[in-house]
Amino acid sequence: MKFNWKVLVALVVLIGALFWGIDSVRTRAYSGSDLNFGVGSGPITITNPADESVPAQLVGTGTRSFSVSSDTEVVSGSSTRAGTGRTSTQLFEFELPAGVTELMIVGRGSSVSFVADADSRLDASVQPLTPDDARTTLIITAVVALAALYYISKTTGHRWISQLRRKEEVPQDTQPTAVPPTSKSNVGRDGRLYSDS
């Protein structure tokens with residue numbers, strides 16, 4: 001049997017597309033008293049179990065500013081430039097209140113990270129993409145995966161279809177048909193069969 005490199009490439013594309021799609025939309029979870037993690041464009045939920053607020057920062061690389069959207073007023077605002085030259089960053093400082101806080105990064109900022117050094121443990125849940133972006137990512141993943149599957153099927157001559165047809169052609173009932181026994185009342189002493197009429 002000759003090995004088909006085209007099928008192998010299609011399989012790699014299929015697996016890569018599935019991994020990329022799932023990894024792009026999966027929720028990231030972080031816990032600890034010293035948190036430093038990257039955030040995306042999706043919603044972020046942070047739980048502060050302490051009774052007091054915790055100082056926190058959102059830091060973005062580069063010169064492009066970003067905005068923070070939240071139902072909590074003290075967490076809403078825009079970043080400001082910190083530093084000069086190549087080491088400059090975009091900084092947004094705020095007090096993370098007690099309880100559950102939801103926020104989202106909007107604007108043109110790049111590589112934004114959440115930084116907090118708290119005495120108590122913080123729990124964070126991060127969605128890397130907005131709902132619309134996540135839906136688009138899943139659609140692209142499905143299209144690429146289906147195209148790869150069709151290419152593999154076409155390259156191999158759609159053998160799986162013929163195998164399914166063979167299974168359907170196998171008779172379902174292979175048991176022999178039972179023959180009803182002959183009534184003993186019609187058998188004479190000589191072993192011959194006689195009619196009742």
# chains A, B, ... in the order shown; residues from 1 in each chain; ligands from 1
call {"tool": "residues_around", "arguments": {"residues": "Ala134 (chain A)", "least_positions_apart": "3", "cutoff": "10 Å", "atoms": "only C-alpha atoms", "output": "list in words"}}
result
Gly21, Ile22, Ser24, Val25, Arg26, Gly42, Gln127, Pro128, Leu129, Thr130, Pro131, Thr137, Leu138, Ile139 and Ile140 of chain A
call {"tool": "write_last_selection", "arguments": {"atoms": "N, CA and C atoms", "output": "PDB file, in the first residue's frame"}}
result
ATOM      1  N   GLY A  21      -9.042  26.156  17.221  1.00  0.00           N
ATOM      2  CA  GLY A  21     -10.384  26.633  17.512  1.00  0.00           C
ATOM      3  C   GLY A  21     -10.766  26.443  18.967  1.00  0.00           C
ATOM      4  N   ILE A  22     -10.492  25.241  19.506  1.00  0.00           N
ATOM      5  CA  ILE A  22     -10.846  24.965  20.901  1.00  0.00           C
ATOM      6  C   ILE A  22     -10.019  25.810  21.858  1.00  0.00           C
ATOM      7  N   SER A  24      -8.675  28.672  21.288  1.00  0.00           N
ATOM      8  CA  SER A  24      -8.966  30.109  21.157  1.00  0.00           C
ATOM      9  C   SER A  24     -10.181  30.533  21.957  1.00  0.00           C
ATOM     10  N   VAL A  25     -11.124  29.621  22.162  1.00  0.00           N
ATOM     11  CA  VAL A  25     -12.372  30.010  22.830  1.00  0.00           C
ATOM     12  C   VAL A  25     -12.488  29.487  24.261  1.00  0.00           C
ATOM     13  N   ARG A  26     -11.566  28.627  24.678  1.00  0.00           N
ATOM     14  CA  ARG A  26     -11.704  28.051  26.016  1.00  0.00           C
ATOM     15  C   ARG A  26     -11.437  29.102  27.106  1.00  0.00           C
ATOM     16  N   GLY A  42     -12.321  39.429  25.520  1.00  0.00           N
ATOM     17  CA  GLY A  42     -13.561  38.918  26.101  1.00  0.00           C
ATOM     18  C   GLY A  42     -13.760  39.378  27.530  1.00  0.00           C
ATOM     19  N   GLN A 127     -12.292  35.099  29.447  1.00  0.00           N
ATOM     20  CA  GLN A 127     -12.691  34.679  28.108  1.00  0.00           C
ATOM     21  C   GLN A 127     -11.813  35.439  27.122  1.00  0.00           C
ATOM     22  N   PRO A 128     -10.984  34.752  26.338  1.00  0.00           N
ATOM     23  CA  PRO A 128     -10.046  35.459  25.464  1.00  0.00           C
ATOM     24  C   PRO A 128     -10.700  36.224  24.323  1.00  0.00           C
ATOM     25  N   LEU A 129     -11.924  35.819  23.913  1.00  0.00           N
ATOM     26  CA  LEU A 129     -12.584  36.450  22.779  1.00  0.00           C
ATOM     27  C   LEU A 129     -13.972  36.939  23.162  1.00  0.00           C
ATOM     28  N   THR A 130     -14.433  37.937  22.447  1.00  0.00           N
ATOM     29  CA  THR A 130     -15.814  38.383  22.606  1.00  0.00           C
ATOM     30  C   THR A 130     -16.742  37.306  22.050  1.00  0.00           C
ATOM     31  N   PRO A 131     -18.023  37.307  22.425  1.00  0.00           N
ATOM     32  CA  PRO A 131     -18.944  36.303  21.890  1.00  0.00           C
ATOM     33  C   PRO A 131     -18.978  36.260  20.359  1.00  0.00           C
ATOM     34  N   THR A 137     -14.689  32.369  15.130  1.00  0.00           N
ATOM     35  CA  THR A 137     -13.595  31.406  15.226  1.00  0.00           C
ATOM     36  C   THR A 137     -14.099  29.979  15.073  1.00  0.00           C
ATOM     37  N   LEU A 138     -15.217  29.661  15.722  1.00  0.00           N
ATOM     38  CA  LEU A 138     -15.779  28.315  15.636  1.00  0.00           C
ATOM     39  C   LEU A 138     -16.280  28.015  14.221  1.00  0.00           C
ATOM     40  N   ILE A 139     -16.836  29.011  13.546  1.00  0.00           N
ATOM     41  CA  ILE A 139     -17.296  28.806  12.165  1.00  0.00           C
ATOM     42  C   ILE A 139     -16.109  28.524  11.248  1.00  0.00           C
ATOM     43  N   ILE A 140     -15.030  29.304  11.392  1.00  0.00           N
ATOM     44  CA  ILE A 140     -13.832  29.073  10.579  1.00  0.00           C
ATOM     45  C   ILE A 140     -13.263  27.686  10.853  1.00  0.00           C
TER      46      ILE A 140
END
call {"tool": "residues_around", "arguments": {"residues": "region 60-65 of chain A", "least_positions_apart": "3", "cutoff": "10 Å", "atoms": "only C-alpha atoms", "output": "list in words"}}
result
Gly38, Val39, Gln57, Ser78, Ser79, Thr80, Arg81, Ala82, Thr84, Gly85, Arg86, Thr87, Ser88, Thr89, Gln90, Leu91, Phe92, Val106, Gly107, Arg108, Gly109, Ser110, Ser111, Val112, Ser113 and Phe114 of chain A
call {"tool": "closest_residue", "arguments": {"among": "A:Ile15, A:Ile105, A:Ile46, A:Ala56", "to": "Val68 (chain A)", "atoms": "only C-alpha atoms"}}
result
A:Ile105
call {"tool": "atom_distance", "arguments": {"atom1": "CA of Gly157 (chain A)", "atom2": "CA of Gly16 (chain A)"}}
result
23.6 Å
call {"tool": "residues_around", "arguments": {"residues": "Ser31 (chain A)", "least_positions_apart": "2", "cutoff": "12 Å", "atoms": "only C-alpha atoms", "output": "number ranges by chain"}}
result
A: 28-29, 33-37, 45-49, 116-118, 120-126
call {"tool": "select_by_dssp", "arguments": {"residues": "region 41-150 of chain A", "states": "strand (DSSP E or B)", "output": "ChimeraX atom specification"}}
result
/A:43-48,54-61,66-70,77-78,80-82,89-96,99-107,110-126
call {"tool": "atom_distance", "arguments": {"atom1": "CA of Leu14 (chain A)", "atom2": "CA of Thr136 (chain A)"}}
result
17.4 Å
call {"tool": "closest_residue", "arguments": {"among": "A:Asn4, A:Phe66, A:Leu11, A:Ala17", "to": "Ala142 (chain A)", "atoms": "only C-alpha atoms"}}
result
A:Ala17
call {"tool": "closest_residue", "arguments": {"among": "A:Met104, A:Leu96, A:Leu18, A:Leu149", "to": "Ala50 (chain A)", "atoms": "only C-alpha atoms"}}
result
A:Leu96
call {"tool": "closest_residue", "arguments": {"among": "A:Lys154, A:Thr141, A:Val115, A:Asp132", "to": "Tyr30 (chain A)", "atoms": "only C-alpha atoms"}}
result
A:Val115
call {"tool": "atom_distance", "arguments": {"atom1": "CA of Val143 (chain A)", "atom2": "CA of Thr155 (chain A)"}}
result
18.1 Å
